[in-house]
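Visitor: Got a file for you: input10.csv, CSV, C-alpha atoms and all ligand atoms.
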```
chain,number,residue,atom,x,y,z
A,60,MET,CA,-14.1,16.1,6.1
A,61,PRO,CA,-12.2,17.8,3.3
A,62,THR,CA,-13.9,17.8,-0.1
A,63,GLU,CA,-12.1,16.4,-3.2
A,64,LYS,CA,-11.7,20.0,-4.4
A,65,GLN,CA,-9.8,21.2,-1.4
A,66,SER,CA,-7.2,18.5,-1.6
A,67,GLU,CA,-6.4,19.4,-5.2
A,68,THR,CA,-6.4,23.2,-5.4
A,69,VAL,CA,-4.8,24.6,-2.4
A,70,PRO,CA,-6.0,28.2,-1.7
A,71,ASP,CA,-3.0,30.3,-1.0
A,72,VAL,CA,-4.7,32.6,1.4
A,73,LEU,CA,-4.6,30.3,4.4
A,74,THR,CA,-2.4,31.1,7.4
A,75,PRO,CA,0.2,28.5,8.1
A,76,ASP,CA,-1.9,27.4,11.1
A,77,GLN,CA,-5.0,26.9,9.0
A,78,ARG,CA,-3.0,25.2,6.4
A,79,HIS,CA,-1.6,22.8,9.0
A,80,ARG,CA,-5.1,22.0,10.2
A,81,ASN,CA,-6.3,21.5,6.7
A,82,MET,CA,-3.5,19.1,6.0
A,83,ALA,CA,-4.0,17.2,9.2
A,84,ALA,CA,-7.7,16.7,8.3
A,85,ILE,CA,-6.8,15.5,4.9
A,86,HIS,CA,-4.3,13.0,6.2
A,87,SER,CA,-6.6,11.5,8.8
A,88,ALA,CA,-9.9,11.2,7.1
A,89,SER,CA,-10.8,8.7,4.4
A,90,THR,CA,-10.9,10.8,1.3
A,91,LYS,CA,-13.6,10.6,-1.3
A,92,PRO,CA,-11.4,8.9,-4.0
A,93,GLU,CA,-10.4,6.4,-1.4
A,94,LEU,CA,-14.0,5.5,-0.6
A,95,LYS,CA,-14.7,5.2,-4.3
A,96,LEU,CA,-11.9,2.8,-4.8
A,97,ARG,CA,-12.9,0.8,-1.8
A,98,ARG,CA,-16.5,0.4,-3.0
A,99,ALA,CA,-15.3,-0.7,-6.4
A,100,LEU,CA,-13.0,-3.3,-5.0
A,101,TRP,CA,-15.7,-4.6,-2.7
A,102,ARG,CA,-18.1,-5.0,-5.6
A,103,LEU,CA,-15.4,-7.0,-7.4
A,104,GLY,CA,-15.3,-9.4,-4.5
A,105,PHE,CA,-12.2,-8.2,-2.8
A,106,ARG,CA,-12.2,-8.1,1.0
A,107,TYR,CA,-9.9,-5.8,2.9
A,108,ARG,CA,-9.1,-4.0,6.1
A,109,VAL,CA,-8.7,-0.2,6.2
A,110,ASN,CA,-6.1,2.0,7.8
A,111,ASP,CA,-4.3,-0.9,9.5
A,112,LYS,CA,-2.3,0.6,12.2
A,113,LYS,CA,-0.2,-2.5,12.7
A,114,LEU,CA,1.4,-2.1,9.3
A,115,PRO,CA,4.1,0.5,8.4
A,116,GLY,CA,2.6,3.7,7.0
A,117,LYS,CA,-1.0,2.7,8.0
A,118,PRO,CA,-2.0,1.6,4.5
A,119,ASP,CA,-5.4,2.9,3.2
A,120,ILE,CA,-6.4,-0.6,2.1
A,121,VAL,CA,-5.0,-3.9,3.2
A,122,LEU,CA,-5.8,-7.2,1.4
A,123,PRO,CA,-4.3,-10.0,3.5
A,124,LYS,CA,-5.3,-12.8,1.2
A,125,TYR,CA,-3.4,-11.2,-1.6
A,126,ARG,CA,-0.6,-9.9,0.6
A,127,THR,CA,-1.2,-6.5,-0.9
A,128,VAL,CA,-1.6,-3.0,0.5
A,129,ILE,CA,-2.9,0.1,-1.4
A,130,PHE,CA,-2.1,3.7,-0.7
A,131,ILE,CA,-4.2,6.4,-2.3
A,132,HIS,CA,-2.0,9.4,-2.6
A,133,GLY,CA,-3.0,13.1,-3.0
A,134,CYS,CA,-1.2,14.5,-6.0
A,135,LEU,CA,0.0,17.6,-4.3
A,136,TRP,CA,0.9,16.2,-0.9
A,137,HIS,CA,2.9,13.3,-2.2
A,138,GLY,CA,4.3,15.1,-5.3
A,139,HIS,CA,2.8,13.3,-8.3
A,140,GLN,CA,5.4,14.1,-11.0
A,141,GLY,CA,4.1,15.4,-14.3
A,142,CYS,CA,0.5,15.6,-12.9
A,143,ARG,CA,-1.5,18.8,-13.5
A,144,TYR,CA,-2.7,18.7,-9.9
A,145,TYR,CA,0.8,18.8,-8.6
A,146,THR,CA,1.6,22.6,-8.7
A,147,VAL,CA,3.5,24.0,-5.8
A,148,PRO,CA,1.9,27.2,-4.6
A,149,LYS,CA,3.7,30.4,-5.7
A,150,THR,CA,4.0,31.7,-2.1
A,151,ASN,CA,5.8,29.9,0.7
A,152,THR,CA,7.2,27.7,-2.1
A,153,ASP,CA,10.1,26.5,0.1
A,154,PHE,CA,7.8,25.4,2.8
A,155,TRP,CA,5.7,23.4,0.4
A,156,LYS,CA,8.6,21.9,-1.4
A,157,ALA,CA,10.2,20.8,1.9
A,158,LYS,CA,6.9,19.4,3.1
A,159,ILE,CA,6.4,17.4,-0.1
A,160,ILE,CA,9.9,16.1,-0.2
A,161,ARG,CA,9.6,14.9,3.4
A,162,ASN,CA,6.3,13.1,2.5
A,163,GLN,CA,8.0,11.4,-0.5
A,164,GLU,CA,11.0,10.3,1.6
A,165,ARG,CA,8.6,8.9,4.2
A,166,ASP,CA,6.6,7.1,1.5
A,167,GLN,CA,9.7,5.4,0.2
A,168,GLU,CA,10.7,4.3,3.7
A,169,VAL,CA,7.3,2.9,4.3
A,170,TRP,CA,7.3,1.0,1.0
A,171,ARG,CA,10.7,-0.5,1.7
A,172,ARG,CA,9.5,-1.7,5.2
A,173,LEU,CA,6.3,-3.2,3.8
A,174,GLU,CA,8.2,-5.0,1.0
A,175,ALA,CA,10.7,-6.3,3.5
A,176,LYS,CA,7.7,-7.9,5.2
A,177,GLY,CA,6.6,-9.5,2.0
A,178,TRP,CA,3.8,-7.1,1.2
A,179,ALA,CA,3.2,-5.9,-2.4
A,180,VAL,CA,2.5,-2.2,-2.5
A,181,ILE,CA,0.2,-0.5,-4.9
A,182,ILE,CA,0.1,3.3,-5.2
A,183,ILE,CA,-2.8,5.0,-6.8
A,184,TRP,CA,-2.9,8.7,-7.3
A,185,GLU,CA,-6.1,10.7,-6.7
A,186,CYS,CA,-6.1,12.0,-10.2
A,187,GLN,CA,-6.2,8.4,-11.5
A,188,LEU,CA,-9.5,8.0,-9.7
A,189,LYS,CA,-11.2,10.9,-11.5
A,190,LYS,CA,-14.0,10.2,-13.9
A,191,GLU,CA,-11.9,10.0,-17.1
A,192,SER,CA,-9.4,7.4,-15.9
A,193,TYR,CA,-11.4,5.8,-13.1
A,194,LYS,CA,-12.5,2.6,-14.9
A,195,GLU,CA,-9.1,1.9,-16.3
A,196,SER,CA,-7.5,2.5,-12.9
A,197,VAL,CA,-9.9,0.1,-11.1
A,198,GLU,CA,-9.1,-2.5,-13.7
A,199,ARG,CA,-5.4,-2.0,-13.3
A,200,VAL,CA,-5.5,-2.2,-9.5
A,201,SER,CA,-7.8,-5.2,-9.6
A,202,SER,CA,-5.5,-7.2,-12.0
A,203,GLU,CA,-2.4,-6.1,-10.0
A,204,ILE,CA,-4.0,-7.4,-6.8
A,205,LYS,CA,-4.8,-10.7,-8.4
A,206,ARG,CA,-1.3,-11.0,-9.8
A,207,ASN,CA,0.2,-10.3,-6.3
A,208,GLY,CA,-2.2,-12.9,-4.8
A,209,GLU,CA,-1.1,-15.6,-7.2
A,210,ALA,CA,2.6,-14.8,-6.6
A,211,TYR,CA,1.9,-14.9,-2.8
A,212,GLN,CA,0.1,-18.2,-3.0
A,213,SER,CA,2.8,-19.8,-5.1
A,214,SER,CA,5.5,-18.6,-2.8
A,215,MET,CA,3.5,-20.1,0.1
A,216,ALA,CA,3.1,-23.4,-1.7
A,217,GLN,CA,6.8,-23.4,-2.4
A,218,ARG,CA,7.6,-22.8,1.2
A,219,ARG,CA,5.2,-25.6,2.3
A,220,LYS,CA,7.0,-27.9,-0.1
A,221,ILE,CA,10.4,-27.1,1.3
A,222,GLN,CA,9.2,-27.5,4.8
A,223,GLU,CA,7.6,-30.9,3.9
A,224,GLU,CA,10.9,-32.0,2.3
A,225,TYR,CA,12.8,-31.0,5.4
A,226,ARG,CA,10.4,-32.9,7.6
A,227,LEU,CA,10.8,-36.1,5.5
A,228,LEU,CA,14.6,-35.7,5.6
A,229,GLN,CA,14.6,-35.4,9.4
A,230,ARG,CA,12.4,-38.5,9.7
A,231,GLU,CA,14.7,-40.5,7.5
A,232,GLN,CA,17.7,-39.5,9.6
A,233,ARG,CA,15.9,-40.4,12.8
A,234,MET,CA,15.0,-43.8,11.4
A,235,ARG,CA,18.5,-44.4,10.2
A,236,LEU,CA,19.8,-43.7,13.7
A,237,VAL,CA,17.2,-46.1,15.2
A,238,THR,CA,18.3,-48.8,12.8
A,239,LEU,CA,21.9,-48.2,13.6
A,240,LYS,CA,21.2,-48.4,17.3
A,241,ALA,CA,19.2,-51.6,17.0
A,242,LYS,CA,22.2,-53.1,15.2
A,243,GLY,CA,24.4,-52.0,18.1
A,244,ILE,CA,26.5,-49.7,15.9
B,1,ZN,ZN,-1.9,13.2,-10.1
```
Let me see the structure of the file written as structure tokens.
Ligand SMILES: [Zn+2]

Guide:
Amino acid sequence: MPTEKQSETVPDVLTPDQRHRNMAAIHSASTKPELKLRRALWRLGFRYRVNDKKLPGKPDIVLPKYRTVIFIHGCLWHGHQGCRYYTVPKTNTDFWKAKIIRNQERDQEVWRRLEAKGWAVIIIWECQLKKESYKESVERVSSEIKRNGEAYQSSMAQRRKIQEEYRLLQREQRMRLVTLKAKGI
């Protein structure tokens, strides 16, 4: 499993093949910041699924009750603008830039697809889970999840109300028809 350090500072001495393997490992394994956030959410009482393959982009954390998914993004791989961990290596710059842009495009496509399915998407950058900003980030994520959950519950309540009104309307219409028939009209 890659260490936190590896995913931030990319040694520029790797061959493209080594680099590829490194990146594949980073993408597939649960990263340390991800585990940290998961544990924090669990302690706060949130229950979730991880790496749900059925959802677009295989979100890192899925909270069905709150209709929310969370992605923990590496600052370099996903191009965290203005972040000190987002520095494109000086050699093979074009390769890196193209790779990062492709990731960003894919990310946006994934968010759109999830949002179209009614999921709220939270992005958290690895740098935001570092010691100095960890507590604040967990609080932010936690309140965002709760807000999303409330919005989801109220939209579900609204939908149930509309369905109920529709059922009542249908019943009234049926009864009216029955009455008309009984009267021979
Ligand atoms: Zn960052």

Visitor: Rank nothing, just name the residue among A:Leu103, A:Ile182, A:Leu227, A:Ile131 nearest to Lys205 in chain A, using all atoms listed in the file.

Guide: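 Using all atoms listed in the file, the shortest distance to Lys205 in chain A belongs to A:Leu103.
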
Visitor: How would you write, as a PyMOL selection string, the set of residues no farther than 7 Å from ligand ZN 1 (chain B) when counting only C-alpha atoms and all ligand atoms?

Guide: chain A and resi 134+139+142-145+184-187

Visitor: Could you tell me how far CA of Gln229 in chain A lies from CA of Gln212 in chain A, in Å and to one decimal?

Guide: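 Computing it gives 25.7 Å between the two atoms.
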
Visitor: Grab the CA of Phe130 in chain A to CA of Gly116 in chain A distance for me, in Å with one decimal place.

Guide: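 Calculated distance between CA of Phe130 in chain A and CA of Gly116 in chain A is 9.0 Å.
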
Visitor: Using CA of Val200 in chain A and CA of Val109 in chain A as the two end points, give the distance in Å to one decimal.

Guide: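 A separation of 16.1 Å between them.
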
Visitor: Counting all atoms listed in the file, figure out which residue out of A:Trp155, A:Tyr107, A:Trp178, A:Trp170 gets nearest to Val121 in chain A.

Guide: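 For Val121 in chain A, the nearest of the candidates is A:Tyr107.
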
Visitor: Counting all atoms listed in the file, figure out which residue out of A:Gly138, A:Gly133, A:Gly243, A:Gly177 gets nearest to Lys91 in chain A.

Guide: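 Looking at the shortest contact to Lys91 in chain A, the residue is A:Gly133.
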
Visitor: Rank nothing, just name the residue among A:Ile244, A:Arg199, A:Glu191, A:Leu173 nearest to Lys113 in chain A, using all atoms listed in the file.

Guide: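 Of the candidates, the smallest distance to Lys113 in chain A is held by A:Leu173.
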
Visitor: Using all atoms listed in the file, which of A:Gly104, A:Pro148, A:Pro92, A:Pro115 sits nearest Arg165 in chain A?

Guide: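 Looking at the shortest contact to Arg165 in chain A, the residue is A:Pro115.
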
Visitor: Could you check which of A:Arg218, A:Asp153, A:Glu224, A:Leu94 is closest to Ile120 in chain A, using all atoms listed in the file?

Guide: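 Looking at the shortest contact to Ile120 in chain A, the residue is A:Leu94.
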
Visitor: Quick one: which range 162-239 of chain A residues come within 9 Å of range 122-127 of chain A, and what is the nearest atom pair for each with the distance in Å to one decimal, counting only C-alpha atoms, rows ordered by chain and ascending number, as a Markdown table?

Guide:
```
| residue | atom | partner | partner_atom | distance |
| --- | --- | --- | --- | --- |
| A:Gly177 | CA | A:Arg126 | CA | 7.3 |
| A:Trp178 | CA | A:Arg126 | CA | 5.2 |
| A:Ala179 | CA | A:Thr127 | CA | 4.7 |
| A:Val180 | CA | A:Thr127 | CA | 5.9 |
| A:Ile181 | CA | A:Thr127 | CA | 7.3 |
| A:Ile204 | CA | A:Tyr125 | CA | 6.5 |
| A:Lys205 | CA | A:Tyr125 | CA | 7.0 |
| A:Arg206 | CA | A:Tyr125 | CA | 8.5 |
| A:Asn207 | CA | A:Tyr125 | CA | 6.0 |
| A:Gly208 | CA | A:Tyr125 | CA | 3.8 |
| A:Glu209 | CA | A:Tyr125 | CA | 7.5 |
| A:Ala210 | CA | A:Tyr125 | CA | 8.6 |
| A:Tyr211 | CA | A:Arg126 | CA | 6.5 |
| A:Gln212 | CA | A:Tyr125 | CA | 8.0 |
```

Visitor: N, CA and C atoms are needed for range 132-166 of chain A; please write them out as an mmCIF file, keeping the file's coordinate frame.

Guide:
```cif
data_model
loop_
_atom_site.group_PDB
_atom_site.id
_atom_site.type_symbol
_atom_site.label_atom_id
_atom_site.label_comp_id
_atom_site.auth_asym_id
_atom_site.auth_seq_id
_atom_site.Cartn_x
_atom_site.Cartn_y
_atom_site.Cartn_z
ATOM 1 N N HIS A 132 -2.782 8.247 -2.894
ATOM 2 C CA HIS A 132 -2.000 9.400 -2.600
ATOM 3 C C HIS A 132 -2.595 10.696 -3.237
ATOM 4 N N GLY A 133 -2.672 11.748 -2.461
ATOM 5 C CA GLY A 133 -3.000 13.100 -3.000
ATOM 6 C C GLY A 133 -1.898 13.557 -3.862
ATOM 7 N N CYS A 134 -2.239 14.081 -5.033
ATOM 8 C CA CYS A 134 -1.200 14.500 -6.000
ATOM 9 C C CYS A 134 -0.299 15.568 -5.513
ATOM 10 N N LEU A 135 -0.859 16.508 -4.768
ATOM 11 C CA LEU A 135 0.000 17.600 -4.300
ATOM 12 C C LEU A 135 0.822 17.141 -3.076
ATOM 13 N N TRP A 136 0.209 16.536 -2.093
ATOM 14 C CA TRP A 136 0.900 16.200 -0.900
ATOM 15 C C TRP A 136 2.055 15.235 -1.070
ATOM 16 N N HIS A 137 1.889 14.357 -2.027
ATOM 17 C CA HIS A 137 2.900 13.300 -2.200
ATOM 18 C C HIS A 137 3.722 13.598 -3.523
ATOM 19 N N GLY A 138 3.452 14.725 -4.174
ATOM 20 C CA GLY A 138 4.300 15.100 -5.300
ATOM 21 C C GLY A 138 4.177 14.228 -6.516
ATOM 22 N N HIS A 139 2.989 14.159 -7.129
ATOM 23 C CA HIS A 139 2.800 13.300 -8.300
ATOM 24 C C HIS A 139 3.474 13.999 -9.516
ATOM 25 N N GLN A 140 4.656 13.498 -9.888
ATOM 26 C CA GLN A 140 5.400 14.100 -11.000
ATOM 27 C C GLN A 140 4.660 14.143 -12.274
ATOM 28 N N GLY A 141 4.702 15.286 -12.941
ATOM 29 C CA GLY A 141 4.100 15.400 -14.300
ATOM 30 C C GLY A 141 2.553 15.518 -14.200
ATOM 31 N N CYS A 142 1.997 15.597 -13.005
ATOM 32 C CA CYS A 142 0.500 15.600 -12.900
ATOM 33 C C CYS A 142 0.088 17.100 -12.819
ATOM 34 N N ARG A 143 -1.050 17.368 -13.445
ATOM 35 C CA ARG A 143 -1.500 18.800 -13.500
ATOM 36 C C ARG A 143 -2.007 19.238 -12.106
ATOM 37 N N TYR A 144 -2.258 18.303 -11.205
ATOM 38 C CA TYR A 144 -2.700 18.700 -9.900
ATOM 39 C C TYR A 144 -1.518 18.921 -8.917
ATOM 40 N N TYR A 145 -0.334 18.613 -9.440
ATOM 41 C CA TYR A 145 0.800 18.800 -8.600
ATOM 42 C C TYR A 145 1.486 20.161 -9.018
ATOM 43 N N THR A 146 0.990 21.245 -8.436
ATOM 44 C CA THR A 146 1.600 22.600 -8.700
ATOM 45 C C THR A 146 1.864 23.184 -7.314
ATOM 46 N N VAL A 147 3.115 23.410 -7.069
ATOM 47 C CA VAL A 147 3.500 24.000 -5.800
ATOM 48 C C VAL A 147 3.079 25.455 -5.753
ATOM 49 N N PRO A 148 2.367 25.852 -4.699
ATOM 50 C CA PRO A 148 1.900 27.200 -4.600
ATOM 51 C C PRO A 148 3.039 28.259 -4.773
ATOM 52 N N LYS A 149 2.686 29.405 -5.331
ATOM 53 C CA LYS A 149 3.700 30.400 -5.700
ATOM 54 C C LYS A 149 4.274 31.120 -4.437
ATOM 55 N N THR A 150 3.487 31.168 -3.370
ATOM 56 C CA THR A 150 4.000 31.700 -2.100
ATOM 57 C C THR A 150 4.374 30.618 -1.174
ATOM 58 N N ASN A 151 5.293 30.916 -0.274
ATOM 59 C CA ASN A 151 5.800 29.900 0.700
ATOM 60 C C ASN A 151 6.255 28.631 -0.066
ATOM 61 N N THR A 152 6.823 28.856 -1.225
ATOM 62 C CA THR A 152 7.200 27.700 -2.100
ATOM 63 C C THR A 152 8.176 26.773 -1.365
ATOM 64 N N ASP A 153 9.118 27.363 -0.622
ATOM 65 C CA ASP A 153 10.100 26.500 0.100
ATOM 66 C C ASP A 153 9.453 25.613 1.100
ATOM 67 N N PHE A 154 8.487 26.201 1.820
ATOM 68 C CA PHE A 154 7.800 25.400 2.800
ATOM 69 C C PHE A 154 7.080 24.216 2.159
ATOM 70 N N TRP A 155 6.401 24.469 1.053
ATOM 71 C CA TRP A 155 5.700 23.400 0.400
ATOM 72 C C TRP A 155 6.626 22.342 -0.176
ATOM 73 N N LYS A 156 7.692 22.824 -0.801
ATOM 74 C CA LYS A 156 8.600 21.900 -1.400
ATOM 75 C C LYS A 156 9.221 20.957 -0.315
ATOM 76 N N ALA A 157 9.617 21.581 0.809
ATOM 77 C CA ALA A 157 10.200 20.800 1.900
ATOM 78 C C ALA A 157 9.205 19.769 2.426
ATOM 79 N N LYS A 158 7.969 20.221 2.557
ATOM 80 C CA LYS A 158 6.900 19.400 3.100
ATOM 81 C C LYS A 158 6.683 18.148 2.130
ATOM 82 N N ILE A 159 6.631 18.441 0.847
ATOM 83 C CA ILE A 159 6.400 17.400 -0.100
ATOM 84 C C ILE A 159 7.543 16.400 -0.202
ATOM 85 N N ILE A 160 8.750 16.953 -0.176
ATOM 86 C CA ILE A 160 9.900 16.100 -0.200
ATOM 87 C C ILE A 160 9.950 15.166 1.019
ATOM 88 N N ARG A 161 9.584 15.733 2.167
ATOM 89 C CA ARG A 161 9.600 14.900 3.400
ATOM 90 C C ARG A 161 8.516 13.791 3.251
ATOM 91 N N ASN A 162 7.361 14.121 2.694
ATOM 92 C CA ASN A 162 6.300 13.100 2.500
ATOM 93 C C ASN A 162 6.861 11.982 1.537
ATOM 94 N N GLN A 163 7.527 12.401 0.474
ATOM 95 C CA GLN A 163 8.000 11.400 -0.500
ATOM 96 C C GLN A 163 9.073 10.497 0.135
ATOM 97 N N GLU A 164 9.936 11.104 0.956
ATOM 98 C CA GLU A 164 11.000 10.300 1.600
ATOM 99 C C GLU A 164 10.307 9.286 2.578
ATOM 100 N N ARG A 165 9.302 9.765 3.295
ATOM 101 C CA ARG A 165 8.600 8.900 4.200
ATOM 102 C C ARG A 165 7.877 7.766 3.462
ATOM 103 N N ASP A 166 7.261 8.127 2.327
ATOM 104 C CA ASP A 166 6.600 7.100 1.500
ATOM 105 C C ASP A 166 7.551 6.001 1.115
#
```
